[in-house]
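A quick write-up on the structure given underneath.
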Amino acid sequence: MHEVRYARTGDGVTIGYQVFGQGPPLVWMPSLSNIVAQWRIPALRAAYLALARRLTVVLYDGRGTGQSGRAIDLTDLGVDAHLRDLRAVLDHAGLERPSLLGYYHSVATAIAFAAREPARVARTVLFGGAPRMREAMLPPQTRALLSLVDQDWGLFADAAATAWLGWDAAPSGRWTAEAFRTATTADVARAWFDAAEEIDVTAELSSVRAPSLVLHRQGEQQIPVEVFRRLAADLPDAHLVELPGSTPTLFMDDPAADVRLVTDFVTRGVVSRPAPVRILTPRERDVLLRLASGDSNTEIARRLGIAVHTVERHLASVYRKIGARGRTDAVAYALRRDDGTPP
């Protein structure tokens, strides 16, 4: 694991961060995070190493989370506080003009920083959040998950790992839940989410001068694509790429394509739009074959050891990839091919 360095914000909070790789710098900005625990998640570790082949990657934990100071003012977690964290890391690491990867909670912070300090930002990549953070927190599944923060922090971590991020494979799910669980406390998480409801940097979009890449890979239960289309339209120089796949995160459905998309944009400003994905993943083939055997969604979930909502997510992806209008089309498709794999 890479060394954790420590920066100090203007208001005295210690911020833990890591730097690794080679090439133009990309700062992967945090939501609730634990940069040490995240290296244990196979998908994230692979993404970090793949990005590091062409980029200098900077990871950091925001105030109150992970390796950063936990003694913080819970009433001061708005965008200005998150900007202090980012500035502290940039100054301590000597980064003059990096690109920013705004990820979920930190999308609004990336926008605000690019608007207020345009000379310090080369490009922005924005995924999973919104300038008006309330919009990113409205989907029913997200509201249900957030309600667990106060009820049972451990249950929230498990549910977020499996349902929110879609990591249903046992190793990833276990380590992802652990990363959530150790990222912070329930009190700090609740304060983060409550503050996020009030964050709105919509008025600053027109001041962003950095070229921006807006990425969207969300299921119907997540943030509507219209939020990202509006974001791309309101930024002066933005490209929107609607990614294929069903998992509402980066570097999971087609990690090589996601890494190429981000690195090409950061290094050369090129938007290498991914080709439509037609090949089913091994798990999608398993689900399709069980469907063709006559199993219900509940039976498929039980046989494969996954949640019913995960079966539904896989089936939605299968239908899209094979052009099926529903179960009957999908079964007919599977029966035409012994292994359920598209040509």
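Identifiers for the structure tokens are assigned positionally: chains receive A, B, ... in sequence, residues are indexed from 1 per chain, and ligands are indexed from 1 in the order shown.
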Selection near Ala160 in chain A, 12 Å with only C-alpha atoms, sequence-local residues under 2 positions removed, as a VMD selection string: chain A and resid 32 141 to 149 153 to 158 162 to 168 173 to 181 248
Now that the selection is made, can you save its residues with N, CA and C atoms as a CSV table (one decimal), in the first residue's frame?
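Output below, filename out.csv:
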chain,number,residue,atom,x,y,z
A,32,LEU,N,-17.8,9.7,1.3
A,32,LEU,CA,-17.4,9.0,2.5
A,32,LEU,C,-16.4,8.0,2.1
A,141,GLN,N,-34.4,4.5,-3.6
A,141,GLN,CA,-33.4,3.6,-3.1
A,141,GLN,C,-32.4,4.3,-2.2
A,142,THR,N,-31.9,5.5,-2.7
A,142,THR,CA,-30.9,6.2,-1.9
A,142,THR,C,-31.6,6.7,-0.6
A,143,ARG,N,-32.8,7.2,-0.6
A,143,ARG,CA,-33.5,7.7,0.6
A,143,ARG,C,-33.6,6.5,1.6
A,144,ALA,N,-33.9,5.3,1.1
A,144,ALA,CA,-34.1,4.2,2.0
A,144,ALA,C,-32.7,3.8,2.6
A,145,LEU,N,-31.7,3.9,1.9
A,145,LEU,CA,-30.3,3.6,2.4
A,145,LEU,C,-29.9,4.7,3.5
A,146,LEU,N,-30.2,5.9,3.2
A,146,LEU,CA,-29.8,7.0,4.1
A,146,LEU,C,-30.6,6.8,5.4
A,147,SER,N,-31.8,6.3,5.4
A,147,SER,CA,-32.5,6.1,6.6
A,147,SER,C,-31.9,5.1,7.5
A,148,LEU,N,-31.0,4.3,7.0
A,148,LEU,CA,-30.3,3.3,7.8
A,148,LEU,C,-29.2,3.8,8.6
A,149,VAL,N,-28.7,5.0,8.2
A,149,VAL,CA,-27.5,5.6,8.9
A,149,VAL,C,-27.8,5.7,10.4
A,153,TRP,N,-25.6,1.5,11.7
A,153,TRP,CA,-24.5,1.9,10.8
A,153,TRP,C,-23.9,0.7,10.1
A,154,GLY,N,-23.8,-0.5,10.8
A,154,GLY,CA,-23.3,-1.7,10.1
A,154,GLY,C,-24.2,-2.1,9.0
A,155,LEU,N,-25.5,-2.1,9.2
A,155,LEU,CA,-26.4,-2.5,8.2
A,155,LEU,C,-26.4,-1.5,7.0
A,156,PHE,N,-26.2,-0.2,7.3
A,156,PHE,CA,-26.1,0.7,6.2
A,156,PHE,C,-24.9,0.4,5.3
A,157,ALA,N,-23.7,0.0,6.0
A,157,ALA,CA,-22.5,-0.3,5.2
A,157,ALA,C,-22.8,-1.5,4.3
A,158,ASP,N,-23.4,-2.5,4.9
A,158,ASP,CA,-23.7,-3.7,4.1
A,158,ASP,C,-24.6,-3.4,2.9
A,162,THR,N,-23.9,-3.5,-1.3
A,162,THR,CA,-24.5,-4.5,-2.2
A,162,THR,C,-25.6,-3.8,-3.1
A,163,ALA,N,-26.4,-3.0,-2.5
A,163,ALA,CA,-27.5,-2.4,-3.3
A,163,ALA,C,-27.1,-1.1,-4.0
A,164,TRP,N,-26.5,-0.2,-3.3
A,164,TRP,CA,-26.2,1.2,-3.9
A,164,TRP,C,-25.2,1.1,-4.9
A,165,LEU,N,-24.1,0.4,-4.6
A,165,LEU,CA,-23.0,0.3,-5.6
A,165,LEU,C,-23.0,-0.9,-6.5
A,166,GLY,N,-23.8,-1.9,-6.2
A,166,GLY,CA,-24.0,-3.0,-7.1
A,166,GLY,C,-22.9,-4.1,-7.0
A,167,TRP,N,-22.1,-4.0,-6.0
A,167,TRP,CA,-21.0,-5.0,-5.9
A,167,TRP,C,-21.6,-6.2,-5.1
A,168,ASP,N,-22.0,-7.2,-5.9
A,168,ASP,CA,-22.6,-8.4,-5.3
A,168,ASP,C,-21.7,-9.6,-5.1
A,173,GLY,N,-18.0,-7.3,-2.2
A,173,GLY,CA,-19.0,-6.8,-1.3
A,173,GLY,C,-18.5,-6.8,0.2
A,174,ARG,N,-17.7,-7.8,0.6
A,174,ARG,CA,-17.2,-7.8,2.0
A,174,ARG,C,-16.3,-6.6,2.2
A,175,TRP,N,-15.3,-6.4,1.3
A,175,TRP,CA,-14.4,-5.3,1.5
A,175,TRP,C,-15.0,-3.9,1.3
A,176,THR,N,-16.0,-3.8,0.4
A,176,THR,CA,-16.6,-2.6,0.2
A,176,THR,C,-17.4,-2.2,1.5
A,177,ALA,N,-18.1,-3.1,2.0
A,177,ALA,CA,-18.8,-2.9,3.3
A,177,ALA,C,-17.9,-2.5,4.4
A,178,GLU,N,-16.7,-3.1,4.4
A,178,GLU,CA,-15.7,-2.8,5.5
A,178,GLU,C,-15.2,-1.3,5.2
A,179,ALA,N,-15.0,-1.0,4.0
A,179,ALA,CA,-14.5,0.4,3.7
A,179,ALA,C,-15.6,1.4,4.2
A,180,PHE,N,-16.8,1.2,3.9
A,180,PHE,CA,-17.9,2.1,4.4
A,180,PHE,C,-17.9,2.1,5.9
A,181,ARG,N,-17.8,0.9,6.5
A,181,ARG,CA,-18.0,0.8,8.0
A,181,ARG,C,-16.9,1.6,8.7
A,248,PRO,N,-24.1,1.2,-11.0
A,248,PRO,CA,-24.0,2.7,-10.9
A,248,PRO,C,-22.7,3.1,-10.3
Please produce, as CSV, a per-residue contact table for range 181-227 of chain A versus range 51-67 of chain A (criterion: any atom at most 12 Å away, only C-alpha atoms considered), showing the nearest atom pair and its distance in Å to one decimal, sorted by chain then residue number.
residue,atom,partner,partner_atom,distance
A:Arg181,CA,A:Gly66,CA,9.9
A:Thr182,CA,A:Gly66,CA,6.9
A:Ala183,CA,A:Gly66,CA,4.6
A:Thr184,CA,A:Thr65,CA,4.8
A:Thr185,CA,A:Thr65,CA,8.2
A:Ala186,CA,A:Thr65,CA,10.9
A:Asp187,CA,A:Gly64,CA,10.1
A:Val188,CA,A:Gly64,CA,6.6
A:Ala189,CA,A:Thr65,CA,8.6
A:Arg190,CA,A:Gly64,CA,11.5
A:Ala191,CA,A:Gly64,CA,10.0
A:Trp192,CA,A:Gly64,CA,9.1
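For range 180-326 of chain A, backbone-based DSSP assignment of strand (DSSP E or B) covers Asp200, Ser212, Leu213, Val214, Leu215, His216, Ala238, His239, Leu240, Val241 and Glu242 of chain A.
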Give me, please, the distance in Å between CA of Asp264 in chain A and CA of Ala50 in chain A, quoted to one decimal. 12.6 Å
Could you pull out all residues of range 83-321 of chain A with a DSSP call of helix (DSSP H, G or I) and give them as a ChimeraX atom specification? /A:83-93,104-116,118-120,133-136,140-151,153-164,170-183,186-196,202-207,225-234,255-268,282-292,297-304,308-321
Would you pick out the contacts of Gly294 in chain A at 12 Å or less, using only C-alpha atoms, so that residues sharing its chain but fewer than 5 positions from it are not included, and give the list as a count of residues only? 12
Selected residue, from A:Ala88, A:Val227, A:Val208, A:Ala81, that lies nearest to Met133 in chain A when counting only C-alpha atoms: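 Answer, going by the shortest atom-to-atom distance: A:Val227.
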Which residues, written as a PyMOL selection string, have at least one atom at most 8 Å from range 104-115 of chain A, with only C-alpha atoms counted and residues fewer than 3 positions away on the same chain left out? chain A and resi 29-32+79+82-83+100-101+118+120-121+124+126-133+196+199-201+204-210
With a cut-off of 12 Å, could you pull out the residues of range 250-340 of chain A touching range 8-28 of chain A and give me the nearest pair of atoms for each, distance in Å to one decimal, using only C-alpha atoms, ordered by chain and ascending number, as a tab-separated table?
residue	atom	partner	partner_atom	distance
A:Val262	CA	A:Leu26	CA	9.6
A:Thr263	CA	A:Leu26	CA	9.1
A:Asp264	CA	A:Pro24	CA	10.9
A:Phe265	CA	A:Leu26	CA	10.8
A:Val266	CA	A:Pro24	CA	7.3
A:Thr267	CA	A:Pro24	CA	6.3
A:Arg268	CA	A:Pro24	CA	9.8
A:Gly269	CA	A:Pro24	CA	11.7
Can those selected residues be exported to a file as a PDB file, in the first residue's frame so that it contains N, CA, C and O atoms?
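Result written to part.pdb:
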ATOM      1  N   VAL A 262     -11.319   7.852 -19.087  1.00  0.00           N
ATOM      2  CA  VAL A 262     -10.821   8.869 -18.153  1.00  0.00           C
ATOM      3  C   VAL A 262      -9.411   9.292 -18.505  1.00  0.00           C
ATOM      4  O   VAL A 262      -9.089  10.495 -18.552  1.00  0.00           O
ATOM      5  N   THR A 263      -8.529   8.341 -18.766  1.00  0.00           N
ATOM      6  CA  THR A 263      -7.132   8.695 -19.030  1.00  0.00           C
ATOM      7  C   THR A 263      -6.970   9.437 -20.357  1.00  0.00           C
ATOM      8  O   THR A 263      -6.168  10.373 -20.443  1.00  0.00           O
ATOM      9  N   ASP A 264      -7.712   9.043 -21.381  1.00  0.00           N
ATOM     10  CA  ASP A 264      -7.622   9.760 -22.655  1.00  0.00           C
ATOM     11  C   ASP A 264      -8.063  11.211 -22.496  1.00  0.00           C
ATOM     12  O   ASP A 264      -7.468  12.126 -23.075  1.00  0.00           O
ATOM     13  N   PHE A 265      -9.100  11.429 -21.709  1.00  0.00           N
ATOM     14  CA  PHE A 265      -9.585  12.801 -21.512  1.00  0.00           C
ATOM     15  C   PHE A 265      -8.597  13.616 -20.694  1.00  0.00           C
ATOM     16  O   PHE A 265      -8.293  14.768 -21.028  1.00  0.00           O
ATOM     17  N   VAL A 266      -8.072  13.029 -19.610  1.00  0.00           N
ATOM     18  CA  VAL A 266      -7.152  13.778 -18.749  1.00  0.00           C
ATOM     19  C   VAL A 266      -5.830  14.054 -19.456  1.00  0.00           C
ATOM     20  O   VAL A 266      -5.270  15.153 -19.352  1.00  0.00           O
ATOM     21  N   THR A 267      -5.321  13.097 -20.205  1.00  0.00           N
ATOM     22  CA  THR A 267      -4.000  13.275 -20.818  1.00  0.00           C
ATOM     23  C   THR A 267      -4.043  14.073 -22.111  1.00  0.00           C
ATOM     24  O   THR A 267      -3.131  14.837 -22.407  1.00  0.00           O
ATOM     25  N   ARG A 268      -5.139  13.903 -22.898  1.00  0.00           N
ATOM     26  CA  ARG A 268      -5.156  14.529 -24.230  1.00  0.00           C
ATOM     27  C   ARG A 268      -6.424  15.312 -24.539  1.00  0.00           C
ATOM     28  O   ARG A 268      -6.530  15.910 -25.607  1.00  0.00           O
ATOM     29  N   GLY A 269      -7.371  15.311 -23.612  1.00  0.00           N
ATOM     30  CA  GLY A 269      -8.616  16.003 -23.879  1.00  0.00           C
ATOM     31  C   GLY A 269      -9.501  15.293 -24.884  1.00  0.00           C
ATOM     32  O   GLY A 269     -10.431  15.884 -25.433  1.00  0.00           O
TER      33      GLY A 269
END
